[in-house]
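Novice: Structure: query-v2.pdb, PDB, N, CA and C atoms.
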MODEL        1
ATOM      1  N   MET A 211       1.933   2.975  45.512
ATOM      2  CA  MET A 211       1.381   4.007  44.672
ATOM      3  C   MET A 211       2.162   4.121  43.355
ATOM      4  N   PHE A 212       3.499   4.108  43.477
ATOM      5  CA  PHE A 212       4.344   4.214  42.287
ATOM      6  C   PHE A 212       4.132   3.021  41.360
ATOM      7  N   SER A 213       4.015   1.822  41.914
ATOM      8  CA  SER A 213       3.838   0.635  41.069
ATOM      9  C   SER A 213       2.505   0.658  40.343
ATOM     10  N   LYS A 214       1.471   1.176  40.968
ATOM     11  CA  LYS A 214       0.159   1.284  40.331
ATOM     12  C   LYS A 214       0.223   2.276  39.163
ATOM     13  N   LEU A 215       0.864   3.420  39.381
ATOM     14  CA  LEU A 215       1.028   4.415  38.326
ATOM     15  C   LEU A 215       1.854   3.859  37.175
ATOM     16  N   PHE A 216       2.920   3.131  37.508
ATOM     17  CA  PHE A 216       3.774   2.525  36.487
ATOM     18  C   PHE A 216       2.986   1.511  35.653
ATOM     19  N   THR A 217       2.188   0.677  36.284
ATOM     20  CA  THR A 217       1.396  -0.332  35.583
ATOM     21  C   THR A 217       0.384   0.327  34.651
ATOM     22  N   ILE A 218      -0.295   1.343  35.138
ATOM     23  CA  ILE A 218      -1.302   2.028  34.315
ATOM     24  C   ILE A 218      -0.650   2.717  33.121
ATOM     25  N   SER A 219       0.474   3.388  33.343
ATOM     26  CA  SER A 219       1.131   4.071  32.223
ATOM     27  C   SER A 219       1.696   3.080  31.216
ATOM     28  N   THR A 220       2.204   1.932  31.688
ATOM     29  CA  THR A 220       2.707   0.905  30.775
ATOM     30  C   THR A 220       1.583   0.353  29.908
ATOM     31  N   LEU A 221       0.428   0.074  30.505
ATOM     32  CA  LEU A 221      -0.712  -0.426  29.734
ATOM     33  C   LEU A 221      -1.197   0.609  28.721
ATOM     34  N   ALA A 222      -1.185   1.879  29.092
ATOM     35  CA  ALA A 222      -1.603   2.926  28.158
ATOM     36  C   ALA A 222      -0.651   3.013  26.970
ATOM     37  N   ILE A 223       0.643   2.915  27.221
ATOM     38  CA  ILE A 223       1.633   2.963  26.137
ATOM     39  C   ILE A 223       1.462   1.761  25.217
ATOM     40  N   LEU A 224       1.247   0.577  25.793
ATOM     41  CA  LEU A 224       1.047  -0.615  24.965
ATOM     42  C   LEU A 224      -0.206  -0.507  24.117
ATOM     43  N   ALA A 225      -1.264   0.055  24.669
ATOM     44  CA  ALA A 225      -2.507   0.204  23.911
ATOM     45  C   ALA A 225      -2.317   1.134  22.719
ATOM     46  N   VAL A 226      -1.567   2.197  22.899
ATOM     47  CA  VAL A 226      -1.327   3.137  21.810
ATOM     48  C   VAL A 226      -0.390   2.548  20.771
ATOM     49  N   ALA A 227       0.593   1.758  21.184
ATOM     50  CA  ALA A 227       1.607   1.233  20.277
ATOM     51  C   ALA A 227       1.188  -0.053  19.575
ATOM     52  N   THR A 228       0.089  -0.659  19.963
ATOM     53  CA  THR A 228      -0.345  -1.913  19.360
ATOM     54  C   THR A 228      -0.966  -1.648  18.003
ATOM     55  N   PRO A 229      -0.473  -2.334  16.938
ATOM     56  CA  PRO A 229      -1.061  -2.123  15.613
ATOM     57  C   PRO A 229      -2.469  -2.680  15.535
ATOM     58  N   THR A 230      -3.291  -2.044  14.731
ATOM     59  CA  THR A 230      -4.657  -2.514  14.552
ATOM     60  C   THR A 230      -4.679  -3.581  13.469
ATOM     61  N   PRO A 231      -5.583  -4.547  13.547
ATOM     62  CA  PRO A 231      -5.679  -5.568  12.504
ATOM     63  C   PRO A 231      -6.003  -4.927  11.160
ATOM     64  N   GLY A 232      -5.334  -5.355  10.132
ATOM     65  CA  GLY A 232      -5.557  -4.813   8.809
ATOM     66  C   GLY A 232      -4.958  -3.441   8.629
ATOM     67  N   GLY A 233      -4.300  -2.927   9.610
ATOM     68  CA  GLY A 233      -3.621  -1.666   9.768
ATOM     69  C   GLY A 233      -3.574  -0.672   8.632
ATOM     70  N   GLY A 234      -4.267  -0.828   7.536
ATOM     71  CA  GLY A 234      -4.286   0.196   6.518
ATOM     72  C   GLY A 234      -3.208   0.050   5.464
ATOM     73  N   GLY A 235      -2.492  -1.050   5.431
ATOM     74  CA  GLY A 235      -1.537  -1.261   4.354
ATOM     75  C   GLY A 235      -0.113  -1.402   4.805
ATOM     76  N   GLU A 236       0.750  -1.489   3.811
ATOM     77  CA  GLU A 236       2.186  -1.657   4.034
ATOM     78  C   GLU A 236       2.807  -0.357   4.511
ATOM     79  N   PRO A 237       3.733  -0.430   5.480
ATOM     80  CA  PRO A 237       4.480   0.784   5.786
ATOM     81  C   PRO A 237       5.421   1.092   4.624
ATOM     82  N   PRO A 238       5.651   2.363   4.323
ATOM     83  CA  PRO A 238       6.473   2.725   3.160
ATOM     84  C   PRO A 238       7.865   2.109   3.170
ATOM     85  N   SER A 239       8.432   1.878   4.338
ATOM     86  CA  SER A 239       9.793   1.355   4.412
ATOM     87  C   SER A 239       9.891  -0.089   3.955
ATOM     88  N   SER A 240       8.752  -0.800   3.840
ATOM     89  CA  SER A 240       8.823  -2.205   3.470
ATOM     90  C   SER A 240       8.594  -2.448   1.979
ATOM     91  N   CYS A 241       8.528  -1.412   1.160
ATOM     92  CA  CYS A 241       8.332  -1.572  -0.274
ATOM     93  C   CYS A 241       9.686  -1.852  -0.913
ATOM     94  N   SER A 242       9.986  -3.117  -1.080
ATOM     95  CA  SER A 242      11.303  -3.512  -1.579
ATOM     96  C   SER A 242      11.322  -3.764  -3.081
ATOM     97  N   THR A 243      10.185  -3.550  -3.759
ATOM     98  CA  THR A 243      10.116  -3.853  -5.193
ATOM     99  C   THR A 243      10.334  -2.637  -6.074
ATOM    100  N   GLY A 244      10.603  -1.494  -5.478
ATOM    101  CA  GLY A 244      10.795  -0.283  -6.248
ATOM    102  C   GLY A 244      10.106   0.865  -5.560
ATOM    103  N   PRO A 245       9.960   1.987  -6.277
ATOM    104  CA  PRO A 245       9.337   3.148  -5.634
ATOM    105  C   PRO A 245       7.854   2.912  -5.365
ATOM    106  N   ILE A 246       7.361   3.583  -4.338
ATOM    107  CA  ILE A 246       5.931   3.557  -4.064
ATOM    108  C   ILE A 246       5.234   4.198  -5.259
ATOM    109  N   GLN A 247       4.108   3.631  -5.654
ATOM    110  CA  GLN A 247       3.366   4.116  -6.811
ATOM    111  C   GLN A 247       2.152   4.923  -6.366
ATOM    112  N   CYS A 248       1.817   5.937  -7.130
ATOM    113  CA  CYS A 248       0.588   6.697  -6.951
ATOM    114  C   CYS A 248      -0.311   6.326  -8.124
ATOM    115  N   CYS A 249      -1.395   5.620  -7.854
ATOM    116  CA  CYS A 249      -2.286   5.139  -8.916
ATOM    117  C   CYS A 249      -3.627   5.869  -8.852
ATOM    118  N   ASP A 250      -4.180   6.169 -10.024
ATOM    119  CA  ASP A 250      -5.492   6.816 -10.077
ATOM    120  C   ASP A 250      -6.543   5.965  -9.384
ATOM    121  N   SER A 251      -6.421   4.629  -9.506
ATOM    122  CA  SER A 251      -7.354   3.730  -8.837
ATOM    123  C   SER A 251      -6.712   2.359  -8.695
ATOM    124  N   THR A 252      -7.310   1.541  -7.849
ATOM    125  CA  THR A 252      -6.897   0.140  -7.708
ATOM    126  C   THR A 252      -8.130  -0.733  -7.851
ATOM    127  N   ALA A 253      -7.913  -1.967  -8.281
ATOM    128  CA  ALA A 253      -9.022  -2.905  -8.471
ATOM    129  C   ALA A 253      -8.474  -4.323  -8.458
ATOM    130  N   ASN A 254      -9.349  -5.285  -8.237
ATOM    131  CA  ASN A 254      -8.955  -6.680  -8.387
ATOM    132  C   ASN A 254      -8.783  -6.974  -9.872
ATOM    133  N   ALA A 255      -7.946  -7.948 -10.170
ATOM    134  CA  ALA A 255      -7.687  -8.306 -11.569
ATOM    135  C   ALA A 255      -8.955  -8.754 -12.284
ATOM    136  N   SER A 256      -9.957  -9.198 -11.529
ATOM    137  CA  SER A 256     -11.212  -9.652 -12.144
ATOM    138  C   SER A 256     -12.157  -8.500 -12.466
ATOM    139  N   ASP A 257     -11.878  -7.301 -11.987
ATOM    140  CA  ASP A 257     -12.699  -6.131 -12.274
ATOM    141  C   ASP A 257     -12.702  -5.894 -13.787
ATOM    142  N   PRO A 258     -13.863  -5.573 -14.381
ATOM    143  CA  PRO A 258     -13.924  -5.418 -15.846
ATOM    144  C   PRO A 258     -12.892  -4.438 -16.425
ATOM    145  N   ALA A 259     -12.681  -3.300 -15.785
ATOM    146  CA  ALA A 259     -11.709  -2.327 -16.320
ATOM    147  C   ALA A 259     -10.295  -2.892 -16.267
ATOM    148  N   ALA A 260      -9.948  -3.508 -15.153
ATOM    149  CA  ALA A 260      -8.611  -4.081 -15.013
ATOM    150  C   ALA A 260      -8.432  -5.292 -15.932
ATOM    151  N   ALA A 261      -9.441  -6.156 -15.982
ATOM    152  CA  ALA A 261      -9.350  -7.350 -16.823
ATOM    153  C   ALA A 261      -9.215  -6.978 -18.293
ATOM    154  N   GLY A 262      -9.938  -5.949 -18.717
ATOM    155  CA  GLY A 262      -9.838  -5.501 -20.101
ATOM    156  C   GLY A 262      -8.458  -4.985 -20.445
ATOM    157  N   LEU A 263      -7.871  -4.200 -19.550
ATOM    158  CA  LEU A 263      -6.533  -3.666 -19.779
ATOM    159  C   LEU A 263      -5.490  -4.778 -19.760
ATOM    160  N   LEU A 264      -5.630  -5.701 -18.801
ATOM    161  CA  LEU A 264      -4.707  -6.845 -18.750
ATOM    162  C   LEU A 264      -4.777  -7.651 -20.039
ATOM    163  N   SER A 265      -5.986  -7.872 -20.543
ATOM    164  CA  SER A 265      -6.181  -8.628 -21.775
ATOM    165  C   SER A 265      -5.564  -7.911 -22.975
ATOM    166  N   LEU A 266      -5.791  -6.606 -23.084
ATOM    167  CA  LEU A 266      -5.226  -5.830 -24.196
ATOM    168  C   LEU A 266      -3.696  -5.870 -24.203
ATOM    169  N   LEU A 267      -3.105  -5.871 -23.010
ATOM    170  CA  LEU A 267      -1.646  -5.898 -22.911
ATOM    171  C   LEU A 267      -1.079  -7.317 -22.951
ATOM    172  N   GLY A 268      -1.965  -8.321 -22.969
ATOM    173  CA  GLY A 268      -1.512  -9.711 -23.012
ATOM    174  C   GLY A 268      -0.894 -10.182 -21.705
ATOM    175  N   ILE A 269      -1.326  -9.625 -20.594
ATOM    176  CA  ILE A 269      -0.782  -9.973 -19.281
ATOM    177  C   ILE A 269      -1.704 -10.975 -18.605
ATOM    178  N   VAL A 270      -1.122 -12.063 -18.158
ATOM    179  CA  VAL A 270      -1.877 -13.081 -17.420
ATOM    180  C   VAL A 270      -1.428 -13.021 -15.964
ATOM    181  N   VAL A 271      -2.395 -12.863 -15.049
ATOM    182  CA  VAL A 271      -2.071 -12.838 -13.624
ATOM    183  C   VAL A 271      -2.565 -14.122 -12.978
ATOM    184  N   GLN A 272      -1.877 -14.516 -11.931
ATOM    185  CA  GLN A 272      -2.262 -15.716 -11.190
ATOM    186  C   GLN A 272      -3.295 -15.332 -10.146
ATOM    187  N   GLY A 273      -4.546 -15.653 -10.369
ATOM    188  CA  GLY A 273      -5.608 -15.396  -9.409
ATOM    189  C   GLY A 273      -6.367 -14.118  -9.706
ATOM    190  N   VAL A 274      -7.669 -14.144  -9.431
ATOM    191  CA  VAL A 274      -8.515 -12.991  -9.703
ATOM    192  C   VAL A 274      -8.516 -11.992  -8.550
ATOM    193  N   ASP A 275      -7.971 -12.383  -7.401
ATOM    194  CA  ASP A 275      -7.944 -11.498  -6.240
ATOM    195  C   ASP A 275      -6.698 -10.622  -6.194
ATOM    196  N   VAL A 276      -5.861 -10.688  -7.219
ATOM    197  CA  VAL A 276      -4.642  -9.880  -7.264
ATOM    198  C   VAL A 276      -5.046  -8.418  -7.421
ATOM    199  N   LEU A 277      -4.518  -7.561  -6.551
ATOM    200  CA  LEU A 277      -4.822  -6.140  -6.629
ATOM    201  C   LEU A 277      -3.907  -5.493  -7.661
ATOM    202  N   VAL A 278      -4.492  -4.722  -8.552
ATOM    203  CA  VAL A 278      -3.724  -4.018  -9.574
ATOM    204  C   VAL A 278      -3.973  -2.516  -9.443
ATOM    205  N   GLY A 279      -2.962  -1.735  -9.794
ATOM    206  CA  GLY A 279      -3.087  -0.287  -9.812
ATOM    207  C   GLY A 279      -3.242   0.181 -11.251
ATOM    208  N   LEU A 280      -4.146   1.102 -11.477
ATOM    209  CA  LEU A 280      -4.403   1.610 -12.827
ATOM    210  C   LEU A 280      -3.907   3.048 -12.945
ATOM    211  N   THR A 281      -3.196   3.333 -14.025
ATOM    212  CA  THR A 281      -2.600   4.641 -14.317
ATOM    213  C   THR A 281      -1.755   5.103 -13.130
ATOM    214  N   CYS A 282      -0.579   4.498 -13.013
ATOM    215  CA  CYS A 282       0.306   4.730 -11.871
ATOM    216  C   CYS A 282       1.559   5.514 -12.278
ATOM    217  N   SER A 283       2.082   6.233 -11.317
ATOM    218  CA  SER A 283       3.370   6.900 -11.493
ATOM    219  C   SER A 283       4.141   6.760 -10.186
ATOM    220  N   PRO A 284       5.474   6.682 -10.262
ATOM    221  CA  PRO A 284       6.257   6.521  -9.040
ATOM    222  C   PRO A 284       6.301   7.802  -8.216
ATOM    223  N   LEU A 285       6.303   7.628  -6.901
ATOM    224  CA  LEU A 285       6.501   8.762  -5.999
ATOM    225  C   LEU A 285       7.990   8.875  -5.730
ATOM    226  N   THR A 286       8.480  10.093  -5.669
ATOM    227  CA  THR A 286       9.882  10.311  -5.316
ATOM    228  C   THR A 286       9.959  10.463  -3.804
ATOM    229  N   VAL A 287      10.882  11.240  -3.318
ATOM    230  CA  VAL A 287      11.038  11.410  -1.878
ATOM    231  C   VAL A 287       9.733  11.907  -1.288
ATOM    232  N   VAL A 288       9.226  11.193  -0.282
ATOM    233  CA  VAL A 288       7.927  11.508   0.302
ATOM    234  C   VAL A 288       7.944  12.901   0.923
ATOM    235  N   GLY A 289       6.994  13.714   0.491
ATOM    236  CA  GLY A 289       6.823  15.030   1.074
ATOM    237  C   GLY A 289       7.724  16.106   0.511
ATOM    238  N   VAL A 290       8.546  15.804  -0.490
ATOM    239  CA  VAL A 290       9.469  16.803  -1.026
ATOM    240  C   VAL A 290       9.189  16.993  -2.504
ATOM    241  N   GLY A 291       8.924  18.197  -2.921
ATOM    242  CA  GLY A 291       8.726  18.493  -4.339
ATOM    243  C   GLY A 291       7.392  18.000  -4.854
ATOM    244  N   ALA A 292       7.184  18.193  -6.146
ATOM    245  CA  ALA A 292       5.912  17.834  -6.764
ATOM    246  C   ALA A 292       5.691  16.334  -6.805
ATOM    247  N   GLY A 293       6.764  15.543  -6.866
ATOM    248  CA  GLY A 293       6.613  14.094  -6.946
ATOM    249  C   GLY A 293       6.427  13.433  -5.607
ATOM    250  N   GLY A 294       6.296  14.210  -4.527
ATOM    251  CA  GLY A 294       6.225  13.637  -3.199
ATOM    252  C   GLY A 294       4.841  13.535  -2.619
ATOM    253  N   SER A 295       3.816  13.880  -3.376
ATOM    254  CA  SER A 295       2.469  13.773  -2.838
ATOM    255  C   SER A 295       1.597  12.996  -3.808
ATOM    256  N   CYS A 296       0.548  12.411  -3.244
ATOM    257  CA  CYS A 296      -0.361  11.608  -4.055
ATOM    258  C   CYS A 296      -1.779  11.901  -3.597
ATOM    259  N   ASN A 297      -2.618  12.310  -4.524
ATOM    260  CA  ASN A 297      -4.011  12.592  -4.193
ATOM    261  C   ASN A 297      -4.924  11.417  -4.544
ATOM    262  N   ALA A 298      -4.331  10.278  -4.858
ATOM    263  CA  ALA A 298      -5.115   9.103  -5.218
ATOM    264  C   ALA A 298      -4.721   7.946  -4.303
ATOM    265  N   GLN A 299      -4.371   6.781  -4.861
ATOM    266  CA  GLN A 299      -4.052   5.586  -4.094
ATOM    267  C   GLN A 299      -2.549   5.362  -4.074
ATOM    268  N   THR A 300      -1.957   5.285  -2.884
ATOM    269  CA  THR A 300      -0.539   4.946  -2.789
ATOM    270  C   THR A 300      -0.421   3.447  -2.559
ATOM    271  N   VAL A 301       0.412   2.802  -3.386
ATOM    272  CA  VAL A 301       0.559   1.351  -3.332
ATOM    273  C   VAL A 301       2.013   0.944  -3.535
ATOM    274  N   CYS A 302       2.323  -0.245  -3.098
ATOM    275  CA  CYS A 302       3.607  -0.886  -3.359
ATOM    276  C   CYS A 302       3.283  -2.116  -4.192
ATOM    277  N   CYS A 303       3.835  -2.196  -5.397
ATOM    278  CA  CYS A 303       3.465  -3.270  -6.328
ATOM    279  C   CYS A 303       4.661  -4.138  -6.687
ATOM    280  N   GLU A 304       4.385  -5.417  -6.955
ATOM    281  CA  GLU A 304       5.429  -6.364  -7.344
ATOM    282  C   GLU A 304       5.924  -6.127  -8.760
ATOM    283  N   ASP A 305       5.031  -5.687  -9.657
ATOM    284  CA  ASP A 305       5.382  -5.537 -11.075
ATOM    285  C   ASP A 305       4.942  -4.162 -11.573
ATOM    286  N   ASN A 306       5.922  -3.278 -11.788
ATOM    287  CA  ASN A 306       5.659  -1.924 -12.275
ATOM    288  C   ASN A 306       6.199  -1.734 -13.692
ATOM    289  N   SER A 307       6.297  -2.796 -14.457
ATOM    290  CA  SER A 307       7.015  -2.748 -15.732
ATOM    291  C   SER A 307       6.122  -2.533 -16.954
ATOM    292  N   HIS A 308       4.950  -1.953 -16.774
ATOM    293  CA  HIS A 308       4.032  -1.813 -17.906
ATOM    294  C   HIS A 308       3.748  -0.354 -18.244
ATOM    295  N   GLY A 309       4.766   0.476 -18.121
ATOM    296  CA  GLY A 309       4.687   1.862 -18.554
ATOM    297  C   GLY A 309       3.697   2.735 -17.802
ATOM    298  N   GLY A 310       3.363   2.383 -16.579
ATOM    299  CA  GLY A 310       2.447   3.189 -15.789
ATOM    300  C   GLY A 310       0.981   2.923 -16.061
ATOM    301  N   LEU A 311       0.674   2.145 -17.101
ATOM    302  CA  LEU A 311      -0.733   1.840 -17.375
ATOM    303  C   LEU A 311      -1.330   0.977 -16.278
ATOM    304  N   ILE A 312      -0.563  -0.023 -15.852
ATOM    305  CA  ILE A 312      -1.057  -0.956 -14.843
ATOM    306  C   ILE A 312       0.124  -1.490 -14.040
ATOM    307  N   SER A 313      -0.071  -1.602 -12.740
ATOM    308  CA  SER A 313       0.913  -2.213 -11.854
ATOM    309  C   SER A 313       0.234  -3.405 -11.198
ATOM    310  N   ILE A 314       0.970  -4.499 -11.051
ATOM    311  CA  ILE A 314       0.374  -5.767 -10.622
ATOM    312  C   ILE A 314       0.916  -6.186  -9.263
ATOM    313  N   GLY A 315       0.033  -6.834  -8.481
ATOM    314  CA  GLY A 315       0.419  -7.358  -7.179
ATOM    315  C   GLY A 315       0.627  -6.244  -6.170
ATOM    316  N   CYS A 316      -0.317  -5.354  -6.067
ATOM    317  CA  CYS A 316      -0.169  -4.167  -5.227
ATOM    318  C   CYS A 316      -0.698  -4.376  -3.810
ATOM    319  N   LEU A 317      -0.096  -3.657  -2.894
ATOM    320  CA  LEU A 317      -0.567  -3.566  -1.515
ATOM    321  C   LEU A 317      -0.694  -2.086  -1.181
ATOM    322  N   PRO A 318      -1.782  -1.703  -0.511
ATOM    323  CA  PRO A 318      -1.923  -0.294  -0.113
ATOM    324  C   PRO A 318      -0.793   0.132   0.814
ATOM    325  N   VAL A 319      -0.384   1.391   0.711
ATOM    326  CA  VAL A 319       0.682   1.946   1.543
ATOM    327  C   VAL A 319       0.108   3.152   2.291
ATOM    328  N   THR A 320       0.381   3.210   3.570
ATOM    329  CA  THR A 320      -0.007   4.352   4.379
ATOM    330  C   THR A 320       1.185   5.279   4.510
ATOM    331  N   LEU A 321       1.058   6.490   4.015
ATOM    332  CA  LEU A 321       2.164   7.456   4.105
ATOM    333  C   LEU A 321       2.093   8.232   5.394
TER     334      LEU A 321
ENDMDL
END
Please render this file's structure as structure tokens.
Specialist:
Amino acid sequence: MFSKLFTISTLAILAVATPTPGGGGEPPSSCSTGPIQCCDSTANASDPAAAGLLSLLGIVVQGVDVLVGLTCSPLTVVGVGAGGSCNAQTVCCEDNSHGGLISIGCLPVTL
């Protein structure tokens, strides 16, 4: 009886702890390129709005499937103060060096 209960509870714990495919983005702890960004929107580099901004700034990206964040600002300590919440898209980006207008190479982040 005990072994049956143990097996069932172990399977239930594994089912709950197993990540789902595509899991909703990068965990915040894995953003090693700088602070997590809060962007008004995200788009592929080939999107007309993103492509136009990239062109105006003279930025060339490798590939049209690169996700970019538009109008971004860094998040500070998550959940603390005014800089700790984001009502738009939270992302972790490889290149945040364009004054918040655009961030390049982004991955969604689940807070």
Novice: Neighbouring residues of A:Asn306 were defined as those with any atom within 8 Å, considering all atoms listed in the file; residues of the same chain fewer than 4 positions away were excluded. Please report them as a list in words.
Specialist: Thr243, Gly244, Gly310, Leu311, Ile312, Ser313, Ile314 and Gly315 of chain A
Novice: Expressed in Å to a single decimal, how great is the separation between atom CA of A:Ala255 and atom C of A:Cys303?
Specialist: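 One can read the atom CA of A:Ala255 to atom C of A:Cys303 distance as 13.9 Å.
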Novice: Please report the interatomic distance between atom CA of A:Gly273 and atom CA of A:Asn297 in Å with one decimal.
Specialist: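 Going from atom CA of A:Gly273 over to atom CA of A:Asn297, I get 28.5 Å.
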Novice: Would you mind reading off the distance between atom C of A:Leu277 and atom C of A:Cys296, one decimal, in Å?
Specialist: 18.0 Å
Novice: Write out as a ChimeraX atom specification all residues of stretch 240-288 of chain A that backbone DSSP assigns to helix (DSSP H, G or I).
Specialist: /A:240,258-267
Novice: Around the point (-9.2, -9.4, -10.6) (coordinates from the file), which residues reach within 10 Å if we count only C-alpha atoms? Answer as a list in words.
Specialist: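 Within the cut-off we find Ala253, Asn254, Ala255, Ser256, Asp257, Pro258, Ala259, Ala260, Ala261, Leu264, Val271, Gln272, Gly273, Val274, Asp275, Val276, Leu277 and Val278 of chain A.
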Novice: I'd like to know which of A:Gln299, A:His308, A:Leu285, A:Cys316 is closest to A:Gly268, using only C-alpha atoms.
Specialist: A:His308
Novice: Using all atoms listed in the file, pick whichever of A:Ser307, A:Ser283, A:Ser295, A:Thr320 has the shortest atom-to-atom distance to A:Cys249.
Specialist: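 The closest residue to A:Cys249 is A:Ser283.
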